[in-house]
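Source file: final.pdb. Holds: PDB, C-alpha atoms.
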MODEL        1
ATOM      1  CA  MET P   1     -10.146  16.618  35.102
ATOM      2  CA  LYS P   2      -8.702  19.090  32.580
ATOM      3  CA  LYS P   3      -6.152  16.489  31.471
ATOM      4  CA  LYS P   4      -8.920  13.926  30.838
ATOM      5  CA  VAL P   5     -10.934  16.455  28.837
ATOM      6  CA  ARG P   6      -7.841  17.298  26.774
ATOM      7  CA  ILE P   7      -7.191  13.610  26.047
ATOM      8  CA  GLY P   8     -10.868  13.151  25.130
ATOM      9  CA  VAL P   9     -10.860  16.133  22.751
ATOM     10  CA  ASP P  10      -7.614  15.009  21.078
ATOM     11  CA  SER P  11      -8.899  11.427  20.740
ATOM     12  CA  ILE P  12     -12.152  12.508  19.068
ATOM     13  CA  MET P  13     -10.206  14.754  16.671
ATOM     14  CA  THR P  14      -7.896  11.849  15.785
ATOM     15  CA  ILE P  15     -10.921   9.646  14.994
ATOM     16  CA  LEU P  16     -12.732  12.318  12.973
ATOM     17  CA  ILE P  17      -9.808  13.310  10.724
ATOM     18  CA  PRO P  18      -9.719  10.028   8.709
ATOM     19  CA  LEU P  19     -13.531  10.119   8.497
ATOM     20  CA  LEU P  20     -13.301  13.602   6.987
ATOM     21  CA  MET P  21     -11.003  12.244   4.289
ATOM     22  CA  ALA P  22     -13.651   9.642   3.352
ATOM     23  CA  TYR P  23     -16.207  12.362   2.631
ATOM     24  CA  VAL P  24     -17.915  10.677  -0.341
ATOM     25  CA  LEU P  25     -18.039   7.260   1.338
ATOM     26  CA  VAL P  26     -19.586   8.626   4.575
ATOM     27  CA  GLY P  27     -21.831  11.098   2.773
ATOM     28  CA  GLU P  28     -21.565  14.840   2.139
ATOM     29  CA  VAL P  29     -23.957  15.821   4.945
ATOM     30  CA  LEU P  30     -21.984  13.884   7.553
ATOM     31  CA  HIS P  31     -18.760  15.284   6.104
ATOM     32  CA  GLU P  32     -19.962  18.848   6.663
ATOM     33  CA  TRP P  33     -21.100  18.050  10.209
ATOM     34  CA  PHE P  34     -17.767  16.360  10.975
ATOM     35  CA  GLY P  35     -16.008  19.475   9.666
ATOM     36  CA  ILE P  36     -17.958  21.731  12.035
ATOM     37  CA  VAL P  37     -17.380  19.408  15.000
ATOM     38  CA  ILE P  38     -13.636  19.163  14.406
ATOM     39  CA  PHE P  39     -13.338  22.961  14.066
ATOM     40  CA  VAL P  40     -15.143  23.423  17.408
ATOM     41  CA  LEU P  41     -12.854  20.801  18.964
ATOM     42  CA  PHE P  42      -9.847  22.611  17.504
ATOM     43  CA  ILE P  43     -10.924  25.830  19.265
ATOM     44  CA  LEU P  44     -11.487  23.866  22.487
ATOM     45  CA  HIS P  45      -8.069  22.213  22.090
ATOM     46  CA  HIS P  46      -6.427  25.662  22.028
ATOM     47  CA  ILE P  47      -8.437  26.864  25.013
ATOM     48  CA  LEU P  48      -7.288  23.802  26.982
ATOM     49  CA  ASN P  49      -3.690  24.437  25.880
ATOM     50  CA  PHE P  50      -3.801  28.194  26.415
ATOM     51  CA  GLN P  51      -0.797  28.024  28.737
ATOM     52  CA  TRP P  52       1.368  26.948  25.766
ATOM     53  CA  ILE P  53       0.013  29.829  23.644
ATOM     54  CA  LYS P  54       0.677  32.293  26.471
ATOM     55  CA  ASN P  55       4.322  31.206  26.637
ATOM     56  CA  ILE P  56       5.072  31.523  22.902
ATOM     57  CA  PHE P  57       6.944  34.801  23.364
ATOM     58  CA  ARG P  58       8.590  33.781  26.634
ATOM     59  CA  GLY P  59      11.885  32.034  27.218
ATOM     60  CA  LYS P  60      14.593  30.961  24.810
ATOM     61  CA  TYR P  61      13.980  29.036  21.639
ATOM     62  CA  ASN P  62      15.897  25.866  20.918
ATOM     63  CA  ALA P  63      15.479  23.452  17.991
ATOM     64  CA  VAL P  64      12.666  21.529  19.720
ATOM     65  CA  ARG P  65      10.578  24.650  20.382
ATOM     66  CA  ILE P  66      11.170  25.983  16.859
ATOM     67  CA  LEU P  67      10.076  22.681  15.292
ATOM     68  CA  ASN P  68       6.979  22.501  17.494
ATOM     69  CA  LEU P  69       6.066  26.107  16.756
ATOM     70  CA  ALA P  70       6.543  25.710  12.989
ATOM     71  CA  VAL P  71       4.220  22.683  12.825
ATOM     72  CA  ASN P  72       1.662  24.310  15.131
ATOM     73  CA  ILE P  73       1.551  27.505  13.044
ATOM     74  CA  ALA P  74       1.073  25.421   9.881
ATOM     75  CA  LEU P  75      -1.759  23.511  11.591
ATOM     76  CA  PHE P  76      -3.336  26.758  12.787
ATOM     77  CA  ILE P  77      -3.430  28.050   9.192
ATOM     78  CA  TYR P  78      -4.801  24.698   7.997
ATOM     79  CA  MET P  79      -7.614  24.665  10.571
ATOM     80  CA  PHE P  80      -8.857  28.058   9.395
ATOM     81  CA  LEU P  81      -8.442  27.543   5.647
ATOM     82  CA  GLN P  82     -10.202  24.182   5.826
ATOM     83  CA  PRO P  83     -13.586  25.374   7.170
ATOM     84  CA  ILE P  84     -13.510  28.563   5.052
ATOM     85  CA  THR P  85     -13.030  26.655   1.794
ATOM     86  CA  GLY P  86     -15.497  24.016   3.038
ATOM     87  CA  ILE P  87     -18.203  26.615   3.680
ATOM     88  CA  MET P  88     -17.593  28.058   0.198
ATOM     89  CA  MET P  89     -18.427  24.635  -1.308
ATOM     90  CA  SER P  90     -21.177  23.663   1.146
ATOM     91  CA  LYS P  91     -24.318  22.213  -0.433
ATOM     92  CA  HIS P  92     -26.177  21.255   2.740
ATOM     93  CA  LEU P  93     -25.409  23.265   5.887
ATOM     94  CA  PHE P  94     -24.440  26.594   4.259
ATOM     95  CA  PRO P  95     -26.235  26.609   0.887
ATOM     96  CA  PHE P  96     -27.233  30.266   1.327
ATOM     97  CA  PHE P  97     -23.638  31.389   0.659
ATOM     98  CA  ASP P  98     -23.057  31.978  -3.039
ATOM     99  CA  PHE P  99     -19.408  32.387  -4.021
ATOM    100  CA  GLY P 100     -19.933  32.012  -7.775
ATOM    101  CA  ASN P 101     -16.692  31.245  -9.623
ATOM    102  CA  GLY P 102     -14.836  31.115  -6.300
ATOM    103  CA  ILE P 103     -16.146  27.569  -5.753
ATOM    104  CA  SER P 104     -13.682  26.187  -8.296
ATOM    105  CA  PHE P 105     -10.757  27.749  -6.407
ATOM    106  CA  ALA P 106     -12.231  26.622  -3.076
ATOM    107  CA  ARG P 107     -12.450  23.009  -4.286
ATOM    108  CA  SER P 108      -8.773  22.904  -5.307
ATOM    109  CA  ALA P 109      -7.639  24.708  -2.145
ATOM    110  CA  HIS P 110      -9.794  22.476   0.080
ATOM    111  CA  LEU P 111      -8.266  19.353  -1.443
ATOM    112  CA  VAL P 112      -4.599  20.328  -1.147
ATOM    113  CA  VAL P 113      -5.066  21.842   2.339
ATOM    114  CA  SER P 114      -6.846  18.642   3.466
ATOM    115  CA  TYR P 115      -3.960  16.385   2.491
ATOM    116  CA  TRP P 116      -1.203  18.624   3.842
ATOM    117  CA  GLY P 117      -3.222  19.121   7.009
ATOM    118  CA  TYR P 118      -3.676  15.367   7.389
ATOM    119  CA  LEU P 119       0.079  14.782   7.288
ATOM    120  CA  LEU P 120       0.801  17.708   9.612
ATOM    121  CA  MET P 121      -1.765  16.425  12.127
ATOM    122  CA  SER P 122      -0.110  13.005  11.979
ATOM    123  CA  ILE P 123       3.374  14.470  12.522
ATOM    124  CA  HIS P 124       2.020  16.593  15.385
ATOM    125  CA  LEU P 125       0.590  13.422  16.932
ATOM    126  CA  GLY P 126       4.015  11.789  16.610
ATOM    127  CA  PHE P 127       5.640  14.685  18.471
ATOM    128  CA  HIS P 128       3.576  13.712  21.531
ATOM    129  CA  MET P 129       4.012   9.923  21.316
ATOM    130  CA  GLU P 130       6.861  10.020  23.854
ATOM    131  CA  GLN P 131       4.469  11.565  26.400
ATOM    132  CA  MET P 132       1.951   8.813  25.666
ATOM    133  CA  PHE P 133       4.589   6.124  26.286
ATOM    134  CA  ILE P 134       5.509   7.810  29.593
ATOM    135  CA  MET P 135       1.845   7.854  30.664
ATOM    136  CA  ILE P 136       1.475   4.150  29.814
ATOM    137  CA  SER P 137       4.685   3.223  31.670
ATOM    138  CA  ARG P 138       3.458   5.072  34.784
ATOM    139  CA  LYS P 139       0.313   2.962  34.774
ATOM    140  CA  THR P 140       2.421  -0.207  34.578
ATOM    141  CA  PRO P 141       5.118   0.489  37.233
ATOM    142  CA  LYS P 142       6.220  -3.145  37.469
ATOM    143  CA  THR P 143       7.388  -3.137  33.853
ATOM    144  CA  ASP P 144      10.342  -1.052  32.697
ATOM    145  CA  MET P 145       9.134  -0.362  29.139
ATOM    146  CA  LYS P 146      12.387   1.329  28.142
ATOM    147  CA  ARG P 147      14.616  -1.613  29.095
ATOM    148  CA  ASN P 148      12.469  -4.715  28.723
ATOM    149  CA  PRO P 149      13.826  -6.369  25.528
ATOM    150  CA  VAL P 150      10.543  -8.145  24.696
ATOM    151  CA  ILE P 151       8.553  -4.902  24.887
ATOM    152  CA  LEU P 152      11.203  -3.051  22.866
ATOM    153  CA  ILE P 153      11.230  -5.713  20.129
ATOM    154  CA  CYS P 154       7.409  -5.693  19.965
ATOM    155  CA  LYS P 155       7.438  -1.885  19.807
ATOM    156  CA  TYR P 156       9.905  -1.777  16.900
ATOM    157  CA  LEU P 157       8.159  -4.614  15.025
ATOM    158  CA  LEU P 158       4.814  -2.844  15.374
ATOM    159  CA  GLN P 159       6.299   0.449  14.178
ATOM    160  CA  ALA P 160       7.938  -1.304  11.207
ATOM    161  CA  ALA P 161       4.657  -3.025  10.266
ATOM    162  CA  ILE P 162       2.704   0.252  10.457
ATOM    163  CA  ALA P 163       5.392   2.097   8.463
ATOM    164  CA  ILE P 164       5.458  -0.552   5.682
ATOM    165  CA  TYR P 165       1.668  -0.633   5.449
ATOM    166  CA  GLY P 166       1.612   3.177   5.592
ATOM    167  CA  ILE P 167       4.084   3.517   2.696
ATOM    168  CA  ARG P 168       2.006   1.066   0.634
ATOM    169  CA  ALA P 169      -1.208   2.989   1.435
ATOM    170  CA  PHE P 170       0.481   6.339   0.702
ATOM    171  CA  ILE P 171       1.372   5.120  -2.812
ATOM    172  CA  LYS P 172      -1.913   3.274  -3.404
ATOM    173  CA  ARG P 173      -4.037   6.269  -2.352
ATOM    174  CA  ARG P 174      -1.908   8.649  -4.474
ATOM    175  CA  PHE P 175      -1.196  11.055  -1.626
ATOM    176  CA  ALA P 176       1.718  12.683  -3.483
ATOM    177  CA  ASP P 177      -0.523  13.549  -6.444
ATOM    178  CA  TYR P 178      -3.012  15.319  -4.156
ATOM    179  CA  LEU P 179      -0.327  17.031  -2.076
ATOM    180  CA  PHE P 180       1.282  18.602  -5.148
ATOM    181  CA  MET P 181      -2.001  19.191  -7.026
ATOM    182  CA  LYS P 182      -1.220  16.793  -9.872
ATOM    183  CA  ILE P 183      -4.846  15.692  -9.449
ATOM    184  CA  ILE P 184      -7.570  18.125  -8.377
ATOM    185  CA  PHE P 185     -10.321  15.552  -7.747
ATOM    186  CA  VAL P 186     -10.146  12.640  -5.300
ATOM    187  CA  PHE P 187     -10.956   9.293  -6.875
ATOM    188  CA  PHE P 188     -13.124   6.921  -4.842
ATOM    189  CA  ASP P 189     -13.902   3.277  -5.501
ATOM    190  CA  PHE P 190     -17.586   3.101  -4.548
ATOM    191  CA  SER P 191     -17.474  -0.699  -4.452
ATOM    192  CA  GLU P 192     -14.835  -0.510  -1.717
ATOM    193  CA  SER P 193     -15.696  -0.936   1.948
ATOM    194  CA  VAL P 194     -15.304   2.208   4.061
ATOM    195  CA  ILE P 195     -13.372   0.055   6.548
ATOM    196  CA  TRP P 196     -10.540  -0.665   4.078
ATOM    197  CA  PHE P 197     -10.385   2.995   3.083
ATOM    198  CA  LEU P 198     -10.111   4.060   6.725
ATOM    199  CA  LEU P 199      -7.497   1.389   7.490
ATOM    200  CA  ASP P 200      -5.309   2.708   4.660
ATOM    201  CA  TYR P 201      -5.655   6.292   5.838
ATOM    202  CA  LEU P 202      -5.011   5.301   9.456
ATOM    203  CA  ALA P 203      -1.857   3.516   8.262
ATOM    204  CA  VAL P 204      -0.683   6.723   6.557
ATOM    205  CA  MET P 205      -1.451   8.606   9.771
ATOM    206  CA  GLY P 206       0.570   6.012  11.696
ATOM    207  CA  LEU P 207       3.468   6.295   9.229
ATOM    208  CA  PHE P 208       3.755  10.073   9.626
ATOM    209  CA  ALA P 209       3.195   9.864  13.386
ATOM    210  CA  ILE P 210       6.241   7.563  13.490
ATOM    211  CA  VAL P 211       8.145  10.051  11.299
ATOM    212  CA  GLY P 212       7.189  12.831  13.727
ATOM    213  CA  TYR P 213       8.171  10.711  16.738
ATOM    214  CA  TYR P 214      11.671   9.943  15.458
ATOM    215  CA  LEU P 215      12.160  13.429  14.027
ATOM    216  CA  MET P 216      11.505  14.862  17.485
ATOM    217  CA  LYS P 217      13.852  12.302  19.079
ATOM    218  CA  ILE P 218      16.645  13.271  16.633
ATOM    219  CA  VAL P 219      16.108  17.000  17.234
ATOM    220  CA  ARG P 220      16.112  16.479  21.021
ATOM    221  CA  THR P 221      19.351  14.461  20.791
ATOM    222  CA  PHE P 222      21.126  17.167  18.752
ATOM    223  CA  ASN P 223      19.691  19.819  21.045
ATOM    224  CA  ARG P 224      21.556  18.261  23.993
ATOM    225  CA  ILE P 225      24.907  18.184  22.143
TER     226      ILE P 225
ENDMDL
END

What's the structure tokens form of this structure?
Amino acid sequence: MKKKVRIGVDSIMTILIPLLMAYVLVGEVLHEWFGIVIFVLFILHHILNFQWIKNIFRGKYNAVRILNLAVNIALFIYMFLQPITGIMMSKHLFPFFDFGNGISFARSAHLVVSYWGYLLMSIHLGFHMEQMFIMISRKTPKTDMKRNPVILICKYLLQAAIAIYGIRAFIKRRFADYLFMKIIFVFFDFSESVIWFLLDYLAVMGLFAIVGYYLMKIVRTFNRI
């Protein structure tokens, strides 16, 4: 039961993150509600994974644990900075807070934290892709997913297609400019369908999930040497 709840929480968070990035296209009110929901889910995610938190200071640290911990700490910081800066700018759910000139800083911080957080979330998702593949293979015991050449070819072709689309979307959506604060306002094409916007952002998520997946595989390989 706990495992199903954890999968459900993680799945909803994965769906909501791209929607948060499309804040103007989905509307500011929905954006603020999505922000609250994802923060609550983040707290619930840590409650469900409390065993991992409890073991942080136990046992030896190898490269895999260090990499996991580094990304998780960065995400922890992101998930607290994001709602704080969001509340500072809130026009609908928290209008009674008046931060004066601090709003300008909050807007810039909210933007850069959003984009770094988006990539970190995607990489974090990639770290756990191996576990997802194992779960899928257990549900299809008649098929050896690791050795079946057809499945392997399809897997690599799909990853290549997502990566190519993701690179194109990363450039088109000017992620690098937002990550390094070359631009402090996100530009939206209001004539564009929300679907195409979300597909591009999902492709970027897929790209960095693949990066995270292979990064973890490389680290695990060197860790065994």

Task: Residue contacts of Thr221 of chain P (10 Å, only C-alpha atoms) excluding same-chain residues fewer than 5 positions away, as a list in words - done: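 My list of contacting residues is Val64, Leu215 and Met216 of chain P.
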
Can you translate the PyMOL selection byres ((chain P and resi 180) around 12) into the concrete residues it hits in this file, as a PDB file with C-alpha atoms, keeping the file's coordinate frame?
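The resulting selection37.pdb:
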ATOM      1  CA  SER P 108      -8.773  22.904  -5.307  1.00  0.00           C
ATOM      2  CA  ALA P 109      -7.639  24.708  -2.145  1.00  0.00           C
ATOM      3  CA  LEU P 111      -8.266  19.353  -1.443  1.00  0.00           C
ATOM      4  CA  VAL P 112      -4.599  20.328  -1.147  1.00  0.00           C
ATOM      5  CA  VAL P 113      -5.066  21.842   2.339  1.00  0.00           C
ATOM      6  CA  SER P 114      -6.846  18.642   3.466  1.00  0.00           C
ATOM      7  CA  TYR P 115      -3.960  16.385   2.491  1.00  0.00           C
ATOM      8  CA  TRP P 116      -1.203  18.624   3.842  1.00  0.00           C
ATOM      9  CA  ARG P 174      -1.908   8.649  -4.474  1.00  0.00           C
ATOM     10  CA  PHE P 175      -1.196  11.055  -1.626  1.00  0.00           C
ATOM     11  CA  ALA P 176       1.718  12.683  -3.483  1.00  0.00           C
ATOM     12  CA  ASP P 177      -0.523  13.549  -6.444  1.00  0.00           C
ATOM     13  CA  TYR P 178      -3.012  15.319  -4.156  1.00  0.00           C
ATOM     14  CA  LEU P 179      -0.327  17.031  -2.076  1.00  0.00           C
ATOM     15  CA  MET P 181      -2.001  19.191  -7.026  1.00  0.00           C
ATOM     16  CA  LYS P 182      -1.220  16.793  -9.872  1.00  0.00           C
ATOM     17  CA  ILE P 183      -4.846  15.692  -9.449  1.00  0.00           C
ATOM     18  CA  ILE P 184      -7.570  18.125  -8.377  1.00  0.00           C
TER      19      ILE P 184
END

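The environment of Pro83 of chain P within 8 Å, counting all atoms listed in the file and disregarding residues fewer than 2 places along the same chain, consists of Gly35, Ile36, Phe39, Met79, Phe80, Leu81, Thr85, Gly86 and Ile87 of chain P.
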
Edge lengths and centre in Å to one decimal, as AutoDock Vina command-line options, of the axis-aligned box that encloses all listed atoms of segment 188-199 of chain P with 5 Å added on every side?
--center_x -12.5 --center_y 3.0 --center_z 1.0 --size_x 20.1 --size_y 17.9 --size_z 23.0

Task: Residues within 8 Å of (8.1, 15.3, 16.2), counting all atoms listed in the file, listed as a PyMOL selection string - done: chain P and resi 67-68+123-128+209+211-217

Export: segment 25-36 of chain P, all heavy atoms, as a compact mmCIF listing (two decimals), in the first residue's frame:
# COMPACT_ATOMS: atom_id res chain seq x y z
N LEU P 25 0.28 30.37 -19.30
CA LEU P 25 -0.64 29.69 -20.20
C LEU P 25 -1.76 28.96 -19.45
O LEU P 25 -2.86 28.81 -19.98
CB LEU P 25 0.13 28.69 -21.08
CG LEU P 25 1.21 29.31 -21.99
CD1 LEU P 25 1.95 28.22 -22.75
CD2 LEU P 25 0.61 30.33 -22.96
N VAL P 26 -1.49 28.51 -18.21
CA VAL P 26 -2.54 27.84 -17.42
C VAL P 26 -3.28 28.81 -16.51
O VAL P 26 -4.32 28.48 -15.96
CB VAL P 26 -1.96 26.67 -16.58
CG1 VAL P 26 -1.32 25.63 -17.46
CG2 VAL P 26 -0.97 27.16 -15.52
N GLY P 27 -2.70 29.99 -16.35
CA GLY P 27 -3.33 31.00 -15.49
C GLY P 27 -2.62 31.12 -14.15
O GLY P 27 -2.17 30.13 -13.59
N GLU P 28 -2.52 32.35 -13.65
CA GLU P 28 -1.77 32.60 -12.41
C GLU P 28 -2.42 31.96 -11.19
O GLU P 28 -1.72 31.50 -10.29
CB GLU P 28 -1.62 34.11 -12.20
CG GLU P 28 -0.68 34.76 -13.21
CD GLU P 28 -0.50 36.25 -12.95
OE1 GLU P 28 -1.20 36.79 -12.07
OE2 GLU P 28 0.34 36.86 -13.63
N VAL P 29 -3.75 31.92 -11.16
CA VAL P 29 -4.44 31.32 -9.99
C VAL P 29 -4.12 29.84 -9.91
O VAL P 29 -3.76 29.32 -8.85
CB VAL P 29 -5.97 31.55 -10.07
CG1 VAL P 29 -6.66 30.86 -8.90
CG2 VAL P 29 -6.29 33.04 -10.06
N LEU P 30 -4.28 29.15 -11.06
CA LEU P 30 -3.95 27.72 -11.08
C LEU P 30 -2.49 27.48 -10.75
O LEU P 30 -2.14 26.52 -10.05
CB LEU P 30 -4.26 27.14 -12.46
CG LEU P 30 -5.62 26.46 -12.67
CD1 LEU P 30 -5.73 25.94 -14.09
CD2 LEU P 30 -5.84 25.35 -11.66
N HIS P 31 -1.62 28.35 -11.24
CA HIS P 31 -0.19 28.22 -10.97
C HIS P 31 0.09 28.25 -9.46
O HIS P 31 0.86 27.44 -8.95
CB HIS P 31 0.57 29.36 -11.66
CG HIS P 31 2.04 29.36 -11.36
ND1 HIS P 31 2.92 28.49 -11.95
CD2 HIS P 31 2.79 30.15 -10.53
CE1 HIS P 31 4.14 28.72 -11.50
NE2 HIS P 31 4.09 29.71 -10.64
N GLU P 32 -0.56 29.17 -8.77
CA GLU P 32 -0.36 29.27 -7.32
C GLU P 32 -0.91 28.04 -6.59
O GLU P 32 -0.29 27.54 -5.65
CB GLU P 32 -0.99 30.56 -6.79
CG GLU P 32 -0.26 31.81 -7.27
CD GLU P 32 -0.75 33.08 -6.61
OE1 GLU P 32 -1.38 33.00 -5.52
OE2 GLU P 32 -0.50 34.17 -7.16
N TRP P 33 -2.07 27.54 -7.06
CA TRP P 33 -2.62 26.33 -6.44
C TRP P 33 -1.73 25.12 -6.71
O TRP P 33 -1.49 24.31 -5.82
CB TRP P 33 -4.03 26.06 -6.97
CG TRP P 33 -5.10 26.84 -6.25
CD1 TRP P 33 -5.88 27.83 -6.74
CD2 TRP P 33 -5.49 26.67 -4.87
NE1 TRP P 33 -6.73 28.31 -5.77
CE2 TRP P 33 -6.51 27.61 -4.61
CE3 TRP P 33 -5.07 25.83 -3.84
CZ2 TRP P 33 -7.12 27.72 -3.36
CZ3 TRP P 33 -5.67 25.95 -2.59
CH2 TRP P 33 -6.68 26.88 -2.36
N PHE P 34 -1.23 25.01 -7.94
CA PHE P 34 -0.31 23.91 -8.28
C PHE P 34 0.94 23.97 -7.39
O PHE P 34 1.44 22.93 -6.95
CB PHE P 34 0.10 23.99 -9.75
CG PHE P 34 -0.96 23.57 -10.73
CD1 PHE P 34 -0.90 24.00 -12.05
CD2 PHE P 34 -2.01 22.76 -10.34
CE1 PHE P 34 -1.87 23.63 -12.97
CE2 PHE P 34 -3.00 22.39 -11.25
CZ PHE P 34 -2.92 22.81 -12.57
N GLY P 35 1.43 25.19 -7.14
CA GLY P 35 2.60 25.36 -6.29
C GLY P 35 2.37 24.85 -4.88
O GLY P 35 3.24 24.18 -4.30
N ILE P 36 1.20 25.16 -4.33
CA ILE P 36 0.85 24.69 -2.98
C ILE P 36 0.74 23.17 -2.96
O ILE P 36 1.27 22.50 -2.06
CB ILE P 36 -0.47 25.33 -2.50
CG1 ILE P 36 -0.26 26.83 -2.25
CG2 ILE P 36 -0.97 24.66 -1.22
CD1 ILE P 36 -1.52 27.59 -1.98
